[in-house]
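Asks: Here you go, input.pdb (PDB, C-alpha atoms and all ligand atoms):
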```pdb
ATOM      1  CA  MET A   1       0.000   0.000   0.000  1.00  0.00           C
ATOM      2  CA  GLU A   2       1.429   3.381  -0.969  1.00  0.00           C
ATOM      3  CA  LEU A   3       1.180   6.103   1.684  1.00  0.00           C
ATOM      4  CA  HIS A   4       0.833   9.695   0.472  1.00  0.00           C
ATOM      5  CA  VAL A   5       0.469  12.885   2.453  1.00  0.00           C
ATOM      6  CA  ARG A   6      -0.794  16.261   1.363  1.00  0.00           C
ATOM      7  CA  TYR A   7       1.576  18.221   3.588  1.00  0.00           C
ATOM      8  CA  GLU A   8       0.284  21.605   4.682  1.00  0.00           C
ATOM      9  CA  GLY A   9       3.226  22.389   6.954  1.00  0.00           C
ATOM     10  CA  ASP A  10       1.276  24.479   9.478  1.00  0.00           C
ATOM     11  CA  ASP A  11       1.935  22.183  12.441  1.00  0.00           C
ATOM     12  CA  ASP A  12       5.004  21.910  14.668  1.00  0.00           C
ATOM     13  CA  PRO A  13       7.607  20.257  12.366  1.00  0.00           C
ATOM     14  CA  GLU A  14       9.338  18.668  15.361  1.00  0.00           C
ATOM     15  CA  LYS A  15       6.194  16.762  16.322  1.00  0.00           C
ATOM     16  CA  CYS A  16       4.883  16.092  12.805  1.00  0.00           C
ATOM     17  CA  SER A  17       4.371  12.355  12.290  1.00  0.00           C
ATOM     18  CA  ALA A  18       4.147  12.676   8.492  1.00  0.00           C
ATOM     19  CA  ARG A  19       7.592  14.242   8.277  1.00  0.00           C
ATOM     20  CA  ARG A  20       9.011  11.392  10.331  1.00  0.00           C
ATOM     21  CA  LEU A  21       7.389   8.809   8.043  1.00  0.00           C
ATOM     22  CA  ALA A  22       8.838  10.600   5.019  1.00  0.00           C
ATOM     23  CA  LYS A  23      12.292  10.652   6.628  1.00  0.00           C
ATOM     24  CA  PHE A  24      12.182   6.831   6.727  1.00  0.00           C
ATOM     25  CA  ASP A  25      10.716   6.635   3.194  1.00  0.00           C
ATOM     26  CA  ASP A  26       7.498   5.167   4.588  1.00  0.00           C
ATOM     27  CA  ALA A  27       5.389   7.924   3.032  1.00  0.00           C
ATOM     28  CA  GLU A  28       5.687  10.556   0.322  1.00  0.00           C
ATOM     29  CA  LEU A  29       4.922  14.206   1.092  1.00  0.00           C
ATOM     30  CA  HIS A  30       3.209  16.481  -1.465  1.00  0.00           C
ATOM     31  CA  ARG A  31       3.267  20.247  -1.065  1.00  0.00           C
ATOM     32  CA  SER A  32       0.177  20.982  -3.170  1.00  0.00           C
ATOM     33  CA  THR A  33      -3.257  19.474  -3.730  1.00  0.00           C
ATOM     34  CA  ARG A  34      -2.589  19.190  -7.456  1.00  0.00           C
ATOM     35  CA  ALA A  35       0.572  17.158  -6.846  1.00  0.00           C
ATOM     36  CA  THR A  36      -1.195  14.714  -4.509  1.00  0.00           C
ATOM     37  CA  PRO A  37      -2.190  11.517  -6.335  1.00  0.00           C
ATOM     38  CA  PRO A  38      -5.786  10.229  -5.983  1.00  0.00           C
ATOM     39  CA  GLY A  39      -6.378   7.326  -3.623  1.00  0.00           C
ATOM     40  CA  ILE A  40      -8.383   6.473  -0.533  1.00  0.00           C
ATOM     41  CA  VAL A  41      -8.430   9.849   1.218  1.00  0.00           C
ATOM     42  CA  LEU A  42      -8.581   9.632   5.019  1.00  0.00           C
ATOM     43  CA  ASN A  43     -11.064  12.356   5.796  1.00  0.00           C
ATOM     44  CA  PRO A  44     -12.770  12.638   9.212  1.00  0.00           C
ATOM     45  CA  PHE A  45     -15.697  14.483   7.546  1.00  0.00           C
ATOM     46  CA  ALA A  46     -16.431  11.724   4.994  1.00  0.00           C
ATOM     47  CA  ASP A  47     -19.885  10.147   5.262  1.00  0.00           C
ATOM     48  CA  ARG A  48     -18.706   6.631   4.567  1.00  0.00           C
ATOM     49  CA  ALA A  49     -16.471   4.752   7.002  1.00  0.00           C
ATOM     50  CA  LEU A  50     -13.455   2.846   5.751  1.00  0.00           C
ATOM     51  CA  SER A  51     -14.086  -0.910   5.663  1.00  0.00           C
ATOM     52  CA  PRO A  52     -12.448  -4.069   4.291  1.00  0.00           C
ATOM     53  CA  ALA A  53     -14.746  -3.677   1.240  1.00  0.00           C
ATOM     54  CA  ASP A  54     -12.510  -0.801   0.120  1.00  0.00           C
ATOM     55  CA  ARG A  55      -9.609  -3.138  -0.580  1.00  0.00           C
ATOM     56  CA  GLU A  56     -11.546  -5.743  -2.545  1.00  0.00           C
ATOM     57  CA  GLY A  57     -10.882  -6.221  -6.216  1.00  0.00           C
ATOM     58  CA  THR A  58      -8.194  -4.378  -8.100  1.00  0.00           C
ATOM     59  CA  GLY A  59      -7.645  -1.082  -9.787  1.00  0.00           C
ATOM     60  CA  VAL A  60      -9.852   1.944  -9.653  1.00  0.00           C
ATOM     61  CA  LEU A  61     -12.213   2.595  -6.751  1.00  0.00           C
ATOM     62  CA  ARG A  62     -15.767   3.783  -6.982  1.00  0.00           C
ATOM     63  CA  SER A  63     -16.996   6.188  -4.353  1.00  0.00           C
ATOM     64  CA  GLY A  64     -20.470   4.720  -4.048  1.00  0.00           C
ATOM     65  CA  ALA A  65     -21.572   8.334  -4.463  1.00  0.00           C
ATOM     66  CA  THR A  66     -24.662   9.380  -6.334  1.00  0.00           C
ATOM     67  CA  HIS A  67     -24.293  10.412  -9.975  1.00  0.00           C
ATOM     68  CA  GLY A  68     -23.118  14.005 -10.379  1.00  0.00           C
ATOM     69  CA  SER A  69     -22.365  14.497  -6.694  1.00  0.00           C
ATOM     70  CA  GLU A  70     -19.291  16.206  -5.290  1.00  0.00           C
ATOM     71  CA  ASP A  71     -17.994  12.864  -4.063  1.00  0.00           C
ATOM     72  CA  GLU A  72     -18.298  11.370  -7.525  1.00  0.00           C
ATOM     73  CA  ARG A  73     -16.500  14.351  -9.096  1.00  0.00           C
ATOM     74  CA  ARG A  74     -13.603  13.933  -6.682  1.00  0.00           C
ATOM     75  CA  SER A  75     -13.178  10.271  -7.548  1.00  0.00           C
ATOM     76  CA  SER A  76     -13.680  10.635 -11.300  1.00  0.00           C
ATOM     77  CA  SER A  77      -9.993  10.638 -12.137  1.00  0.00           C
ATOM     78  CA  GLY A  78      -9.511   7.097 -10.835  1.00  0.00           C
ATOM     79  CA  ALA A  79      -8.469   6.680  -7.242  1.00  0.00           C
ATOM     80  CA  ARG A  80      -6.332   3.612  -6.647  1.00  0.00           C
ATOM     81  CA  ARG A  81      -7.113   1.090  -3.932  1.00  0.00           C
ATOM     82  CA  ASP A  82      -3.455   0.514  -3.153  1.00  0.00           C
ATOM     83  CA  ARG A  83      -2.925   4.124  -2.147  1.00  0.00           C
ATOM     84  CA  LEU A  84      -3.843   5.816   1.137  1.00  0.00           C
ATOM     85  CA  VAL A  85      -3.795   9.618   1.293  1.00  0.00           C
ATOM     86  CA  ALA A  86      -3.828  11.739   4.460  1.00  0.00           C
ATOM     87  CA  LEU A  87      -3.861  15.488   4.927  1.00  0.00           C
ATOM     88  CA  ASP A  88      -1.215  16.552   7.413  1.00  0.00           C
ATOM     89  CA  CYS A  89      -2.169  19.896   8.873  1.00  0.00           C
ATOM     90  CA  SER A  90      -2.976  21.265  12.300  1.00  0.00           C
ATOM     91  CA  TRP A  91      -6.362  20.207  13.720  1.00  0.00           C
ATOM     92  CA  GLU A  92      -7.192  23.925  13.853  1.00  0.00           C
ATOM     93  CA  THR A  93      -7.106  24.150  10.051  1.00  0.00           C
ATOM     94  CA  ALA A  94      -8.486  20.658   9.354  1.00  0.00           C
ATOM     95  CA  GLU A  95     -11.891  21.906   8.247  1.00  0.00           C
ATOM     96  CA  ARG A  96     -14.170  20.167   5.756  1.00  0.00           C
ATOM     97  CA  GLU A  97     -12.982  22.374   2.849  1.00  0.00           C
ATOM     98  CA  ALA A  98      -9.314  21.563   3.523  1.00  0.00           C
ATOM     99  CA  PHE A  99      -9.925  17.988   2.333  1.00  0.00           C
ATOM    100  CA  ASP A 100     -10.422  18.998  -1.292  1.00  0.00           C
ATOM    101  CA  LEU A 101      -8.326  16.098  -2.559  1.00  0.00           C
ATOM    102  CA  GLU A 102      -9.064  13.797  -5.457  1.00  0.00           C
ATOM    103  CA  GLY A 103     -10.028  10.282  -4.540  1.00  0.00           C
ATOM    104  CA  VAL A 104     -12.536   8.298  -2.580  1.00  0.00           C
ATOM    105  CA  HIS A 105     -13.072   9.829   0.845  1.00  0.00           C
ATOM    106  CA  ARG A 106     -13.426   7.634   3.922  1.00  0.00           C
ATOM    107  CA  SER A 107     -13.635   8.387   7.638  1.00  0.00           C
ATOM    108  CA  LEU A 108     -12.074   6.144  10.248  1.00  0.00           C
ATOM    109  CA  PRO A 109     -14.426   4.668  12.828  1.00  0.00           C
ATOM    110  CA  PHE A 110     -14.022   5.101  16.605  1.00  0.00           C
ATOM    111  CA  LEU A 111     -10.338   4.729  17.486  1.00  0.00           C
ATOM    112  CA  VAL A 112      -8.423   6.403  20.289  1.00  0.00           C
ATOM    113  CA  ALA A 113      -5.234   8.412  19.793  1.00  0.00           C
ATOM    114  CA  ALA A 114      -2.117   7.228  21.634  1.00  0.00           C
ATOM    115  CA  ASN A 115       0.237  10.020  20.588  1.00  0.00           C
ATOM    116  CA  PRO A 116       1.523  12.335  23.338  1.00  0.00           C
ATOM    117  CA  VAL A 117      -0.240  15.424  21.902  1.00  0.00           C
ATOM    118  CA  ASN A 118      -3.785  14.013  21.835  1.00  0.00           C
ATOM    119  CA  TYR A 119      -3.531  10.903  24.025  1.00  0.00           C
ATOM    120  CA  GLY A 120      -6.939   9.361  24.747  1.00  0.00           C
ATOM    121  CA  THR A 121      -8.893  11.495  22.255  1.00  0.00           C
ATOM    122  CA  ALA A 122     -11.308   9.560  20.057  1.00  0.00           C
ATOM    123  CA  PHE A 123     -11.442  10.188  16.275  1.00  0.00           C
ATOM    124  CA  GLN A 124      -8.640  12.827  16.251  1.00  0.00           C
ATOM    125  CA  LEU A 125      -5.690  10.683  15.240  1.00  0.00           C
ATOM    126  CA  ASN A 126      -2.397  11.970  13.982  1.00  0.00           C
ATOM    127  CA  THR A 127      -1.239  11.016  10.509  1.00  0.00           C
ATOM    128  CA  VAL A 128       0.704   7.867  11.385  1.00  0.00           C
ATOM    129  CA  GLU A 129      -2.162   6.636  13.583  1.00  0.00           C
ATOM    130  CA  ALA A 130      -4.668   7.286  10.795  1.00  0.00           C
ATOM    131  CA  PHE A 131      -2.515   5.333   8.315  1.00  0.00           C
ATOM    132  CA  ALA A 132      -1.981   2.527  10.834  1.00  0.00           C
ATOM    133  CA  GLY A 133      -5.689   2.292  11.671  1.00  0.00           C
ATOM    134  CA  ALA A 134      -6.574   2.207   7.968  1.00  0.00           C
ATOM    135  CA  LEU A 135      -3.931  -0.437   7.222  1.00  0.00           C
ATOM    136  CA  CYS A 136      -5.295  -2.667  10.013  1.00  0.00           C
ATOM    137  CA  ILE A 137      -8.865  -2.323   8.736  1.00  0.00           C
ATOM    138  CA  LEU A 138      -7.640  -3.174   5.235  1.00  0.00           C
ATOM    139  CA  GLY A 139      -5.845  -6.301   6.505  1.00  0.00           C
ATOM    140  CA  GLU A 140      -2.263  -4.979   6.616  1.00  0.00           C
ATOM    141  CA  ARG A 141      -1.576  -5.137  10.346  1.00  0.00           C
ATOM    142  CA  GLU A 142       2.140  -5.905   9.986  1.00  0.00           C
ATOM    143  CA  ARG A 143       2.670  -2.806   7.887  1.00  0.00           C
ATOM    144  CA  ALA A 144       0.738  -0.809  10.489  1.00  0.00           C
ATOM    145  CA  ALA A 145       3.102  -2.070  13.208  1.00  0.00           C
ATOM    146  CA  GLU A 146       6.111  -1.230  11.006  1.00  0.00           C
ATOM    147  CA  ILE A 147       5.193   2.431  10.562  1.00  0.00           C
ATOM    148  CA  LEU A 148       4.208   2.804  14.232  1.00  0.00           C
ATOM    149  CA  ASP A 149       7.620   1.415  15.207  1.00  0.00           C
ATOM    150  CA  ARG A 150       9.131   4.718  14.040  1.00  0.00           C
ATOM    151  CA  PHE A 151       7.647   6.296  17.190  1.00  0.00           C
ATOM    152  CA  SER A 152       8.513   5.488  20.808  1.00  0.00           C
ATOM    153  CA  TRP A 153       4.798   5.510  21.750  1.00  0.00           C
ATOM    154  CA  GLY A 154       3.641   3.816  18.497  1.00  0.00           C
ATOM    155  CA  HIS A 155       2.941   0.333  19.891  1.00  0.00           C
ATOM    156  CA  THR A 156       0.491   1.914  22.382  1.00  0.00           C
ATOM    157  CA  PHE A 157      -1.860   2.780  19.507  1.00  0.00           C
ATOM    158  CA  LEU A 158      -2.267  -0.901  18.602  1.00  0.00           C
ATOM    159  CA  GLU A 159      -2.586  -1.883  22.268  1.00  0.00           C
ATOM    160  CA  LEU A 160      -5.238   0.742  23.072  1.00  0.00           C
ATOM    161  CA  ASN A 161      -7.273  -0.108  19.969  1.00  0.00           C
ATOM    162  CA  GLU A 162      -6.627  -3.817  19.716  1.00  0.00           C
ATOM    163  CA  GLU A 163     -10.220  -5.025  20.040  1.00  0.00           C
ATOM    164  CA  PRO A 164     -11.950  -2.439  17.801  1.00  0.00           C
ATOM    165  CA  LEU A 165      -9.275  -2.798  15.112  1.00  0.00           C
ATOM    166  CA  ARG A 166      -9.721  -6.570  15.065  1.00  0.00           C
ATOM    167  CA  ARG A 167     -13.500  -6.247  14.922  1.00  0.00           C
ATOM    168  CA  TYR A 168     -13.449  -3.626  12.146  1.00  0.00           C
ATOM    169  CA  ALA A 169     -11.091  -5.790  10.088  1.00  0.00           C
ATOM    170  CA  ASP A 170     -13.605  -8.663  10.356  1.00  0.00           C
ATOM    171  CA  CYS A 171     -16.461  -6.575   8.922  1.00  0.00           C
ATOM    172  CA  THR A 172     -17.569  -6.876   5.327  1.00  0.00           C
ATOM    173  CA  ASP A 173     -18.671  -3.313   4.645  1.00  0.00           C
ATOM    174  CA  SER A 174     -18.998   0.170   6.112  1.00  0.00           C
ATOM    175  CA  THR A 175     -22.490  -0.508   7.508  1.00  0.00           C
ATOM    176  CA  GLU A 176     -21.049  -3.300   9.637  1.00  0.00           C
ATOM    177  CA  VAL A 177     -18.124  -1.106  10.687  1.00  0.00           C
ATOM    178  CA  LEU A 178     -20.559   1.562  11.902  1.00  0.00           C
ATOM    179  CA  ALA A 179     -22.547  -1.062  13.828  1.00  0.00           C
ATOM    180  CA  VAL A 180     -19.359  -2.130  15.643  1.00  0.00           C
ATOM    181  CA  GLN A 181     -18.492   1.513  16.276  1.00  0.00           C
ATOM    182  CA  ASP A 182     -21.900   1.998  17.921  1.00  0.00           C
ATOM    183  CA  ASP A 183     -20.882  -0.516  20.619  1.00  0.00           C
ATOM    184  CA  TYR A 184     -17.895   1.635  21.566  1.00  0.00           C
ATOM    185  CA  LEU A 185     -19.846   4.892  21.421  1.00  0.00           C
ATOM    186  CA  ALA A 186     -22.494   3.396  23.728  1.00  0.00           C
ATOM    187  CA  ASP A 187     -19.725   2.412  26.183  1.00  0.00           C
ATOM    188  CA  GLU A 188     -18.370   5.993  26.020  1.00  0.00           C
ATOM    189  CA  ASP A 189     -21.828   7.405  26.808  1.00  0.00           C
ATOM    190  CA  GLU A 190     -22.153   5.132  29.854  1.00  0.00           C
ATOM    191  CA  ALA A 191     -18.715   6.077  31.194  1.00  0.00           C
TER     192      ALA A 191
HETATM  193  C1  LIG B   1      -5.245  16.810  11.090  1.00  0.00           C
HETATM  194  S1  LIG B   1      -3.795  15.893  10.687  1.00  0.00           S
HETATM  195  C2  LIG B   1      -2.810  16.130  12.132  1.00  0.00           C
HETATM  196  C3  LIG B   1      -1.428  15.582  11.876  1.00  0.00           C
HETATM  197  C4  LIG B   1      -0.436  15.821  12.984  1.00  0.00           C
HETATM  198  N1  LIG B   1       0.083  17.146  12.849  1.00  0.00           N
HETATM  199  C5  LIG B   1       0.720  14.818  12.920  1.00  0.00           C
HETATM  200  O1  LIG B   1       1.829  15.168  13.293  1.00  0.00           O
HETATM  201  O2  LIG B   1       0.526  13.687  12.510  1.00  0.00           O
HETATM  202  C6  LIG B   1      -4.254  14.165  10.838  1.00  0.00           C
HETATM  203  C7  LIG B   1      -4.785  13.540   9.553  1.00  0.00           C
HETATM  204  O3  LIG B   1      -4.983  12.127   9.784  1.00  0.00           O
HETATM  205  C8  LIG B   1      -6.190  11.710   9.143  1.00  0.00           C
HETATM  206  N2  LIG B   1      -7.201  11.404  10.177  1.00  0.00           N
HETATM  207  C9  LIG B   1      -7.112  11.593  11.501  1.00  0.00           C
HETATM  208  N3  LIG B   1      -8.218  11.173  12.145  1.00  0.00           N
HETATM  209  C10 LIG B   1      -9.054  10.702  11.183  1.00  0.00           C
HETATM  210  C11 LIG B   1     -10.368  10.138  11.186  1.00  0.00           C
HETATM  211  N4  LIG B   1     -11.066   9.960  12.316  1.00  0.00           N
HETATM  212  N5  LIG B   1     -10.908   9.754   9.996  1.00  0.00           N
HETATM  213  C12 LIG B   1     -10.209   9.909   8.842  1.00  0.00           C
HETATM  214  N6  LIG B   1      -8.974  10.445   8.783  1.00  0.00           N
HETATM  215  C13 LIG B   1      -8.397  10.836   9.923  1.00  0.00           C
HETATM  216  C14 LIG B   1      -6.669  12.894   8.287  1.00  0.00           C
HETATM  217  O4  LIG B   1      -6.082  12.810   7.000  1.00  0.00           O
HETATM  218  C15 LIG B   1      -6.138  14.067   9.095  1.00  0.00           C
HETATM  219  O5  LIG B   1      -6.051  15.239   8.333  1.00  0.00           O
END
```
Let me see the file written as structure tokens.

Replies:
Amino acid sequence: MELHVRYEGDDDPEKCSARRLAKFDDAELHRSTRATPPGIVLNPFADRALSPADREGTGVLRSGATHGSEDERRSSSGARRDRLVALDCSWETAEREAFDLEGVHRSLPFLVAANPVNYGTAFQLNTVEAFAGALCILGERERAAEILDRFSWGHTFLELNEEPLRRYADCTDSTEVLAVQDDYLADEDEA
């Protein structure tokens, strides 16, 4: 799986997980939207959750979007299934409009951040955590562990999220993923 990052560069470079991945040649950074190749775009605002169905088959992905919709326009140039794309920017600038990237947009279901900046926060993962979560859901757990190994705290992400990641990876489609997520959200509400 190729890992690509639209790199905004407005976050602390010392703490930026995308820069560290690029340093180890685990991911490629792109300084403009135009230069970023289309793929599965990890977008917290996307309506559809990432699921194992997104890796099935080969070649070009279809968004599942309605004809003529914005989502369909974004994916029209042929997003590849073997390519994950994240937007690395500060959470302050990570608004819906910032994710204007070509490809098929997917949100990640309930997962908890383990990085020192946002430890314990649900849904707001940093870039390496988002890639690792997506890789696990798509059946590439070893690769997820490899990229997390670049960070001293990285293994904690897999430990904290072990059960949900395993359950999401066993789902067939995004409807099932959302049903599993509901279990965790209900637990959060009770806590
Ligand atoms: C906002 S940036 C913050 C990056 C941080 N500066 C770092 O050093 O890694 C994190 C990116 O990871 C992806 N991401 C994080 N949480 C996500 C979620 N719940 N669903 C989909 N993508 C997510 C998105 O591409 C998002 O823009």

Asks: Let me have all residues with an atom within 7 Å of ligand LIG 1 (chain B), counting only C-alpha atoms and all ligand atoms, laid out as a ChimeraX atom specification.

Replies: /A:11,15-18,41-44,85-91,94,106-109,123-128,130

Asks: Could you jot down the CA of Thr156 in chain A to CA of Asn115 in chain A separation for me, Å, one decimal place?

Replies: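 Here the two named atoms are 8.3 Å from each other.
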
Asks: CA of Thr36 in chain A to CA of Glu146 in chain A: how many Å, to one decimal?

Replies: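 Taking CA of Thr36 in chain A as the start and CA of Glu146 in chain A as the end point, the length is 23.4 Å.
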
Asks: Which is closer to Leu111 in chain A than all the others in A:Met1, A:Leu29, A:Ala49, A:Leu160, using all atoms listed in the file?

Replies: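 Nearest to Leu111 in chain A: A:Leu160.
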
Asks: Just how far from CA of Leu101 in chain A is CA of Gly9 in chain A, in Å to one decimal?

Replies: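 Value for the CA of Gly9 in chain A-CA of Leu101 in chain A distance: 16.2 Å.
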
Asks: Taking all atoms listed in the file into account, which of A:Arg96, A:Arg6, A:Arg150, A:Arg167 comes nearest Arg31 in chain A?

Replies: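 Using all atoms listed in the file, Arg31 in chain A sits closest to A:Arg6.
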
Asks: Select, from A:Arg48, A:His4, A:Arg20, A:Arg55, the residue with the minimum atom-to-atom distance to Ala35 in chain A, counting all atoms listed in the file.

Replies: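 Under the stated criterion, the closest residue is A:His4.
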
Asks: Of the residues A:Glu97, A:Glu176, A:Asp54, A:Glu159, which is the one nearest to Ala79 in chain A, using only C-alpha atoms?

Replies: A:Asp54

Asks: Care to translate the PyMOL selection byres (((chain A and resi 28) around 8) and not hetatm) into actual residues of this file, as a PyMOL selection string?

Replies: chain A and resi 3-5+22+25-27+29-30

Asks: Using the chain letters and numbers from the file, give me the residues hit by the PyMOL selection byres (((chain A and resi 168) around 10) and not hetatm), as number ranges by chain.

Replies: A: 50-52, 109-110, 133-134, 136-139, 163-167, 169-174, 176-181

Asks: Mind writing the picked residues with C-alpha atoms as a PDB file, in the coordinates of the input?

Replies:
```pdb
ATOM      1  CA  LEU A  50     -13.455   2.846   5.751  1.00  0.00           C
ATOM      2  CA  SER A  51     -14.086  -0.910   5.663  1.00  0.00           C
ATOM      3  CA  PRO A  52     -12.448  -4.069   4.291  1.00  0.00           C
ATOM      4  CA  PRO A 109     -14.426   4.668  12.828  1.00  0.00           C
ATOM      5  CA  PHE A 110     -14.022   5.101  16.605  1.00  0.00           C
ATOM      6  CA  GLY A 133      -5.689   2.292  11.671  1.00  0.00           C
ATOM      7  CA  ALA A 134      -6.574   2.207   7.968  1.00  0.00           C
ATOM      8  CA  CYS A 136      -5.295  -2.667  10.013  1.00  0.00           C
ATOM      9  CA  ILE A 137      -8.865  -2.323   8.736  1.00  0.00           C
ATOM     10  CA  LEU A 138      -7.640  -3.174   5.235  1.00  0.00           C
ATOM     11  CA  GLY A 139      -5.845  -6.301   6.505  1.00  0.00           C
ATOM     12  CA  GLU A 163     -10.220  -5.025  20.040  1.00  0.00           C
ATOM     13  CA  PRO A 164     -11.950  -2.439  17.801  1.00  0.00           C
ATOM     14  CA  LEU A 165      -9.275  -2.798  15.112  1.00  0.00           C
ATOM     15  CA  ARG A 166      -9.721  -6.570  15.065  1.00  0.00           C
ATOM     16  CA  ARG A 167     -13.500  -6.247  14.922  1.00  0.00           C
ATOM     17  CA  ALA A 169     -11.091  -5.790  10.088  1.00  0.00           C
ATOM     18  CA  ASP A 170     -13.605  -8.663  10.356  1.00  0.00           C
ATOM     19  CA  CYS A 171     -16.461  -6.575   8.922  1.00  0.00           C
ATOM     20  CA  THR A 172     -17.569  -6.876   5.327  1.00  0.00           C
ATOM     21  CA  ASP A 173     -18.671  -3.313   4.645  1.00  0.00           C
ATOM     22  CA  SER A 174     -18.998   0.170   6.112  1.00  0.00           C
ATOM     23  CA  GLU A 176     -21.049  -3.300   9.637  1.00  0.00           C
ATOM     24  CA  VAL A 177     -18.124  -1.106  10.687  1.00  0.00           C
ATOM     25  CA  LEU A 178     -20.559   1.562  11.902  1.00  0.00           C
ATOM     26  CA  ALA A 179     -22.547  -1.062  13.828  1.00  0.00           C
ATOM     27  CA  VAL A 180     -19.359  -2.130  15.643  1.00  0.00           C
ATOM     28  CA  GLN A 181     -18.492   1.513  16.276  1.00  0.00           C
TER      29      GLN A 181
END
```

Asks: Which of these, A:Glu162, A:Thr121, A:Phe24, A:Ala46, has the shortest distance to Arg141 in chain A once you count all atoms listed in the file?

Replies: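 For Arg141 in chain A, the nearest of the given residues is A:Glu162.
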
Asks: Take the PyMOL selection byres (((chain A and resi 154) around 10) and not hetatm), apply it to the structure above, and return the hits as an MDAnalysis selection string.

Replies: chainID A and resid 114:115 128:129 132 144:153 155:159

Asks: For Asp10 in chain A, which residue out of A:Gly120, A:Ser32, A:Pro37, A:Glu92 is the nearest one, using all atoms listed in the file?

Replies: A:Glu92
